[in-house]
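Pasted below: entry_37.cif, mmCIF, C-alpha atoms.
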```
data_work
#
loop_
_atom_site.label_atom_id
_atom_site.label_comp_id
_atom_site.auth_asym_id
_atom_site.auth_seq_id
_atom_site.Cartn_x
_atom_site.Cartn_y
_atom_site.Cartn_z
CA GLN H 1 7.10 -16.08 -10.41
CA LEU H 2 5.31 -12.90 -9.39
CA GLN H 3 6.17 -11.92 -5.82
CA LEU H 4 5.51 -8.95 -3.58
CA VAL H 5 7.45 -8.49 -0.37
CA GLU H 6 6.54 -5.87 2.20
CA SER H 7 9.02 -4.49 4.70
CA GLY H 8 9.45 -1.56 7.05
CA GLY H 9 6.88 -2.43 9.67
CA GLY H 10 7.63 -2.36 13.35
CA LEU H 11 6.75 -0.92 16.73
CA VAL H 12 6.47 2.85 17.00
CA GLN H 13 5.04 5.29 19.52
CA THR H 14 2.02 7.46 18.86
CA GLY H 15 3.03 10.33 16.61
CA GLY H 16 5.91 8.43 15.09
CA SER H 17 6.60 7.52 11.48
CA LEU H 18 7.30 4.45 9.42
CA ARG H 19 7.93 3.90 5.75
CA LEU H 20 6.68 0.66 4.30
CA SER H 21 8.17 -0.76 1.14
CA CYS H 22 6.68 -3.20 -1.32
CA ALA H 23 9.30 -4.80 -3.51
CA ALA H 24 8.16 -6.61 -6.63
CA SER H 25 10.03 -9.45 -8.27
CA GLY H 26 9.31 -11.67 -11.23
CA PHE H 27 7.37 -8.95 -13.01
CA THR H 28 7.54 -5.28 -13.93
CA LEU H 29 5.65 -3.02 -11.58
CA ASP H 30 5.18 -0.48 -14.40
CA TYR H 31 2.16 -2.36 -15.69
CA TYR H 32 0.27 -2.35 -12.44
CA ALA H 33 -1.76 -0.15 -10.15
CA ILE H 34 -0.73 -0.65 -6.53
CA GLY H 35 -2.75 -0.71 -3.36
CA TRP H 36 -1.94 -0.79 0.32
CA PHE H 37 -4.38 -2.51 2.63
CA ARG H 38 -4.45 -3.28 6.31
CA GLN H 39 -6.15 -5.70 8.62
CA ALA H 40 -6.40 -5.29 12.36
CA PRO H 41 -7.27 -8.19 14.68
CA GLY H 42 -10.98 -8.96 14.53
CA LYS H 43 -11.58 -6.50 11.71
CA GLU H 44 -12.02 -6.76 7.99
CA ARG H 45 -9.27 -5.82 5.59
CA GLU H 46 -9.57 -2.22 4.47
CA GLY H 47 -8.01 -0.22 1.68
CA VAL H 48 -5.56 2.39 2.93
CA SER H 49 -4.17 3.91 -0.24
CA CYS H 50 -3.63 3.23 -3.91
CA ILE H 51 -1.72 4.67 -6.81
CA SER H 52 -2.48 4.34 -10.49
CA ARG H 53 -0.16 2.72 -12.98
CA ARG H 54 1.40 6.00 -14.10
CA GLY H 55 1.30 7.49 -10.63
CA SER H 56 -1.03 10.27 -11.74
CA ASN H 57 -3.85 9.33 -9.42
CA THR H 58 -3.88 8.39 -5.77
CA ASN H 59 -6.61 7.66 -3.25
CA TYR H 60 -6.60 7.45 0.52
CA LEU H 61 -8.79 6.14 3.29
CA ASP H 62 -10.31 9.18 4.98
CA SER H 63 -8.72 8.40 8.31
CA VAL H 64 -5.19 8.50 6.86
CA LYS H 65 -5.50 11.52 4.58
CA GLY H 66 -2.85 14.08 5.36
CA ARG H 67 -0.80 11.53 7.30
CA PHE H 68 0.05 8.80 4.78
CA THR H 69 1.63 9.20 1.36
CA ILE H 70 1.83 6.52 -1.30
CA SER H 71 4.52 6.57 -3.95
CA ARG H 72 6.17 4.32 -6.47
CA ASP H 73 9.61 4.02 -7.98
CA ASN H 74 9.28 1.95 -11.10
CA ALA H 75 13.03 2.00 -11.68
CA LYS H 76 13.44 0.18 -8.36
CA ASN H 77 10.32 -1.92 -8.91
CA THR H 78 9.15 -0.79 -5.49
CA ALA H 79 6.21 1.03 -3.95
CA TYR H 80 6.17 2.87 -0.67
CA LEU H 81 3.77 3.99 2.00
CA GLN H 82 5.07 6.82 4.15
CA MET H 83 3.12 6.90 7.39
CA ASN H 84 3.41 9.91 9.66
CA SER H 85 1.62 10.94 12.85
CA LEU H 86 0.78 7.34 13.55
CA LYS H 87 -2.05 6.50 15.92
CA PRO H 88 -2.83 3.34 17.89
CA GLU H 89 -5.76 2.72 15.54
CA ASP H 90 -3.28 2.35 12.68
CA THR H 91 -2.06 -0.88 14.27
CA ALA H 92 -2.57 -3.69 11.76
CA ILE H 93 -0.88 -5.97 9.30
CA TYR H 94 -0.23 -3.97 6.15
CA TYR H 95 -0.35 -5.60 2.74
CA CYS H 96 0.51 -4.38 -0.71
CA ALA H 97 -1.31 -5.66 -3.76
CA VAL H 98 -1.27 -5.08 -7.50
CA VAL H 99 -3.62 -5.25 -10.44
CA GLN H 100 -2.61 -4.93 -14.06
CA ARG H 101 -3.94 -1.87 -15.85
CA SER H 102 -3.84 -0.53 -19.41
CA PRO H 103 -1.04 1.93 -20.26
CA LEU H 104 -3.10 5.11 -19.96
CA SER H 105 -5.21 3.98 -17.04
CA ARG H 106 -5.62 6.37 -14.15
CA VAL H 107 -7.76 3.91 -12.26
CA CYS H 108 -6.96 3.44 -8.61
CA VAL H 109 -9.46 1.89 -6.25
CA LEU H 110 -9.43 0.87 -2.60
CA SER H 111 -11.48 -2.26 -3.11
CA SER H 112 -9.47 -5.37 -2.26
CA GLY H 113 -11.48 -7.44 -4.73
CA GLN H 114 -9.93 -5.51 -7.61
CA TYR H 115 -6.44 -6.77 -6.82
CA ASP H 116 -5.16 -10.15 -7.81
CA SER H 117 -1.67 -10.45 -6.34
CA TRP H 118 -0.77 -9.87 -2.73
CA GLY H 119 2.23 -9.78 -0.47
CA GLN H 120 2.49 -11.56 2.87
CA GLY H 121 2.15 -8.42 4.95
CA THR H 122 4.18 -6.52 7.51
CA GLN H 123 3.10 -5.80 11.06
CA VAL H 124 2.72 -2.21 12.21
CA THR H 125 2.14 -1.62 15.90
CA VAL H 126 1.58 1.84 17.33
CA SER H 127 1.82 2.12 21.09
CA SER H 128 -0.07 4.75 23.05
#
```
What's the structure tokens form of this structure?
Amino acid sequence: QLQLVESGGGLVQTGGSLRLSCAASGFTLDYYAIGWFRQAPGKEREGVSCISRRGSNTNYLDSVKGRFTISRDNAKNTAYLQMNSLKPEDTAIYYCAVVQRSPLSRVCVLSSGQYDSWGQGTQVTVSS
């Protein structure tokens, strides 16, 4: 059974850092592009970052560029989102999601509709 489990969320002060993990089980992450999304109370889910299947292409939401870094470790079947210089507006539930891609695909999009498997989310709260 395909499962994604996020971890690493928590409460942090403005300017602090967190590293989110997305552990995959029941399937091999190698075959998938990975996205991180977030949803704040009363707001729509938005794409934060994504990484292509081979890790050769990444994309970021403009507001997190230079602060967040996405990565993947296929040997550990895990993806990461390193978040630095956190701001109160980064407060949200963060989700990872995957979509299967062809072997040479460099496709990586921030549209949630492109992804077909999702984790349960991890809460990130940034205090001012």
- Which one of H:Arg38, H:Arg72, H:Lys87, H:Arg45 sits closest to Thr58 in chain H if you count all atoms listed in the file? H:Arg72
- Query: Could you write out as a ChimeraX atom specification the residues that the PyMOL selection byres ((chain H and resi 126) around 8) matches in the shown file?
  - Reply: /H:11-14,86-91,124-125,127-128
- With all atoms listed in the file as the basis for distance, which of H:Ala75, H:Cys22, H:Val107, H:Val64 is at the shortest distance from Gly47 in chain H?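 Answer, going by the shortest atom-to-atom distance: H:Val64.
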- Message: Rounded to one decimal, what separation in Å do you get between CA of Ser117 in chain H and CA of Gln100 in chain H?
- Response: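 Computing it gives 9.5 Å between the two atoms.
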- Task: For each of H:Ala23, H:Leu18, H:Leu29, H:Ile51, take the minimum atom-to-atom distance to Cys108 in chain H, counting all atoms listed in the file, then give the residue where this is smallest.
- Result: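 Of all the options, H:Ile51 lies closest to Cys108 in chain H.
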- Written as a VMD selection string, which residues does the PyMOL selection byres ((chain H and resi 24) around 12) give for the file shown? chain H and resid 1 to 7 21 to 23 25 to 32 34 72 to 80 96 to 98 117 to 119
- Written as a list in words, which residues does the PyMOL selection byres ((chain H and resi 55) around 9) give for the file shown? Ala33, Ile51, Ser52, Arg53, Arg54, Ser56, Asn57, Thr58, Ser71, Arg72 and Arg106 of chain H
- Message: Please determine, counting all atoms listed in the file, which residue among H:Ala40, H:Ile70, H:Met83, H:Val109 has the shortest atom-to-atom distance to Ser17 in chain H.
- Response: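 Smallest separation from Ser17 in chain H among the options: H:Met83.
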- Could you work out how far CA of Gln82 in chain H lies from CA of Pro41 in chain H, giving the answer in Å with one decimal?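 Result for CA of Pro41 in chain H versus CA of Gln82 in chain H: 22.1 Å, one decimal.
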- Message: Please list, as a list in words, the residues that have an atom at most 6 Å away from (-2.1, -4.8, 6.0) in the coordinates of this file, counting all atoms listed in the file.
- Response: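 Protein and nucleic acid residues near the point are Phe37, Arg38, Gln39, Ala92, Ile93, Tyr94, Tyr95 and Gly121 of chain H.
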Print the selection's residues with C-alpha atoms to a file, as a PDB file, keeping the file's coordinate frame.
```pdb
ATOM      1  CA  PHE H  37      -4.380  -2.510   2.630  1.00  0.00           C
ATOM      2  CA  ARG H  38      -4.450  -3.280   6.310  1.00  0.00           C
ATOM      3  CA  GLN H  39      -6.150  -5.700   8.620  1.00  0.00           C
ATOM      4  CA  ALA H  92      -2.570  -3.690  11.760  1.00  0.00           C
ATOM      5  CA  ILE H  93      -0.880  -5.970   9.300  1.00  0.00           C
ATOM      6  CA  TYR H  94      -0.230  -3.970   6.150  1.00  0.00           C
ATOM      7  CA  TYR H  95      -0.350  -5.600   2.740  1.00  0.00           C
ATOM      8  CA  GLY H 121       2.150  -8.420   4.950  1.00  0.00           C
TER       9      GLY H 121
END
```
- In Å, how far is it from CA of Arg101 in chain H to CA of Trp36 in chain H? 16.3 Å
- Item | Long-range neighbours of Ser63 in chain H as a list in words, 10 Å cut-off, only C-alpha atoms, 2 positions minimum in chain |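 Neighbouring residues, sequence-local ones excluded: Val48, Tyr60, Leu61, Lys65, Gly66, Arg67, Phe68, Glu89 and Asp90 of chain H.
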With the input short on atoms, add N, CA and C atoms back to range 32-56 of chain H and write it as a PDB file, in the coordinates of the input.
```pdb
ATOM      1  N   TYR H  32       1.255  -2.089 -13.462  1.00  0.00           N
ATOM      2  CA  TYR H  32       0.270  -2.350 -12.440  1.00  0.00           C
ATOM      3  C   TYR H  32      -0.096  -1.116 -11.614  1.00  0.00           C
ATOM      4  N   ALA H  33      -1.361  -1.050 -11.235  1.00  0.00           N
ATOM      5  CA  ALA H  33      -1.760  -0.150 -10.150  1.00  0.00           C
ATOM      6  C   ALA H  33      -1.447  -0.870  -8.840  1.00  0.00           C
ATOM      7  N   ILE H  34      -1.184  -0.094  -7.804  1.00  0.00           N
ATOM      8  CA  ILE H  34      -0.730  -0.650  -6.530  1.00  0.00           C
ATOM      9  C   ILE H  34      -1.642  -0.172  -5.413  1.00  0.00           C
ATOM     10  N   GLY H  35      -1.953  -1.074  -4.528  1.00  0.00           N
ATOM     11  CA  GLY H  35      -2.750  -0.710  -3.360  1.00  0.00           C
ATOM     12  C   GLY H  35      -2.089  -1.155  -2.078  1.00  0.00           C
ATOM     13  N   TRP H  36      -2.335  -0.395  -1.039  1.00  0.00           N
ATOM     14  CA  TRP H  36      -1.940  -0.790   0.320  1.00  0.00           C
ATOM     15  C   TRP H  36      -3.222  -1.026   1.121  1.00  0.00           C
ATOM     16  N   PHE H  37      -3.235  -2.138   1.826  1.00  0.00           N
ATOM     17  CA  PHE H  37      -4.380  -2.510   2.630  1.00  0.00           C
ATOM     18  C   PHE H  37      -3.896  -2.855   4.032  1.00  0.00           C
ATOM     19  N   ARG H  38      -4.824  -2.892   4.958  1.00  0.00           N
ATOM     20  CA  ARG H  38      -4.450  -3.280   6.310  1.00  0.00           C
ATOM     21  C   ARG H  38      -5.582  -4.085   6.944  1.00  0.00           C
ATOM     22  N   GLN H  39      -5.179  -4.910   7.884  1.00  0.00           N
ATOM     23  CA  GLN H  39      -6.150  -5.700   8.620  1.00  0.00           C
ATOM     24  C   GLN H  39      -5.755  -5.767  10.075  1.00  0.00           C
ATOM     25  N   ALA H  40      -6.606  -5.244  10.912  1.00  0.00           N
ATOM     26  CA  ALA H  40      -6.400  -5.290  12.360  1.00  0.00           C
ATOM     27  C   ALA H  40      -7.089  -6.524  12.916  1.00  0.00           C
ATOM     28  N   PRO H  41      -6.656  -7.002  14.082  1.00  0.00           N
ATOM     29  CA  PRO H  41      -7.270  -8.190  14.680  1.00  0.00           C
ATOM     30  C   PRO H  41      -8.779  -8.012  14.846  1.00  0.00           C
ATOM     31  N   GLY H  42      -9.534  -8.993  14.375  1.00  0.00           N
ATOM     32  CA  GLY H  42     -10.980  -8.960  14.530  1.00  0.00           C
ATOM     33  C   GLY H  42     -11.703  -8.025  13.582  1.00  0.00           C
ATOM     34  N   LYS H  43     -10.963  -7.436  12.657  1.00  0.00           N
ATOM     35  CA  LYS H  43     -11.580  -6.500  11.710  1.00  0.00           C
ATOM     36  C   LYS H  43     -11.359  -6.965  10.277  1.00  0.00           C
ATOM     37  N   GLU H  44     -12.175  -6.438   9.412  1.00  0.00           N
ATOM     38  CA  GLU H  44     -12.020  -6.760   7.990  1.00  0.00           C
ATOM     39  C   GLU H  44     -10.864  -5.978   7.385  1.00  0.00           C
ATOM     40  N   ARG H  45     -10.326  -6.519   6.316  1.00  0.00           N
ATOM     41  CA  ARG H  45      -9.270  -5.820   5.590  1.00  0.00           C
ATOM     42  C   ARG H  45      -9.853  -4.558   4.965  1.00  0.00           C
ATOM     43  N   GLU H  46      -9.105  -3.469   5.057  1.00  0.00           N
ATOM     44  CA  GLU H  46      -9.570  -2.220   4.470  1.00  0.00           C
ATOM     45  C   GLU H  46      -8.486  -1.601   3.595  1.00  0.00           C
ATOM     46  N   GLY H  47      -8.939  -0.907   2.576  1.00  0.00           N
ATOM     47  CA  GLY H  47      -8.010  -0.220   1.680  1.00  0.00           C
ATOM     48  C   GLY H  47      -7.503   1.047   2.318  1.00  0.00           C
ATOM     49  N   VAL H  48      -6.202   1.232   2.314  1.00  0.00           N
ATOM     50  CA  VAL H  48      -5.560   2.390   2.930  1.00  0.00           C
ATOM     51  C   VAL H  48      -5.207   3.444   1.877  1.00  0.00           C
ATOM     52  N   SER H  49      -4.597   2.981   0.804  1.00  0.00           N
ATOM     53  CA  SER H  49      -4.170   3.910  -0.240  1.00  0.00           C
ATOM     54  C   SER H  49      -3.903   3.151  -1.516  1.00  0.00           C
ATOM     55  N   CYS H  50      -3.967   3.845  -2.640  1.00  0.00           N
ATOM     56  CA  CYS H  50      -3.630   3.230  -3.910  1.00  0.00           C
ATOM     57  C   CYS H  50      -3.042   4.281  -4.835  1.00  0.00           C
ATOM     58  N   ILE H  51      -2.328   3.785  -5.836  1.00  0.00           N
ATOM     59  CA  ILE H  51      -1.720   4.670  -6.810  1.00  0.00           C
ATOM     60  C   ILE H  51      -1.885   4.037  -8.182  1.00  0.00           C
ATOM     61  N   SER H  52      -2.237   4.857  -9.152  1.00  0.00           N
ATOM     62  CA  SER H  52      -2.480   4.340 -10.490  1.00  0.00           C
ATOM     63  C   SER H  52      -1.173   3.927 -11.154  1.00  0.00           C
ATOM     64  N   ARG H  53      -1.319   3.268 -12.276  1.00  0.00           N
ATOM     65  CA  ARG H  53      -0.160   2.720 -12.980  1.00  0.00           C
ATOM     66  C   ARG H  53       0.882   3.789 -13.281  1.00  0.00           C
ATOM     67  N   ARG H  54       0.451   4.945 -13.734  1.00  0.00           N
ATOM     68  CA  ARG H  54       1.400   6.000 -14.100  1.00  0.00           C
ATOM     69  C   ARG H  54       1.688   6.936 -12.939  1.00  0.00           C
ATOM     70  N   GLY H  55       1.066   6.663 -11.795  1.00  0.00           N
ATOM     71  CA  GLY H  55       1.300   7.490 -10.630  1.00  0.00           C
ATOM     72  C   GLY H  55       0.561   8.811 -10.648  1.00  0.00           C
ATOM     73  N   SER H  56      -0.349   8.987 -11.592  1.00  0.00           N
ATOM     74  CA  SER H  56      -1.030  10.270 -11.740  1.00  0.00           C
ATOM     75  C   SER H  56      -2.249  10.402 -10.855  1.00  0.00           C
TER      76      SER H  56
END
```
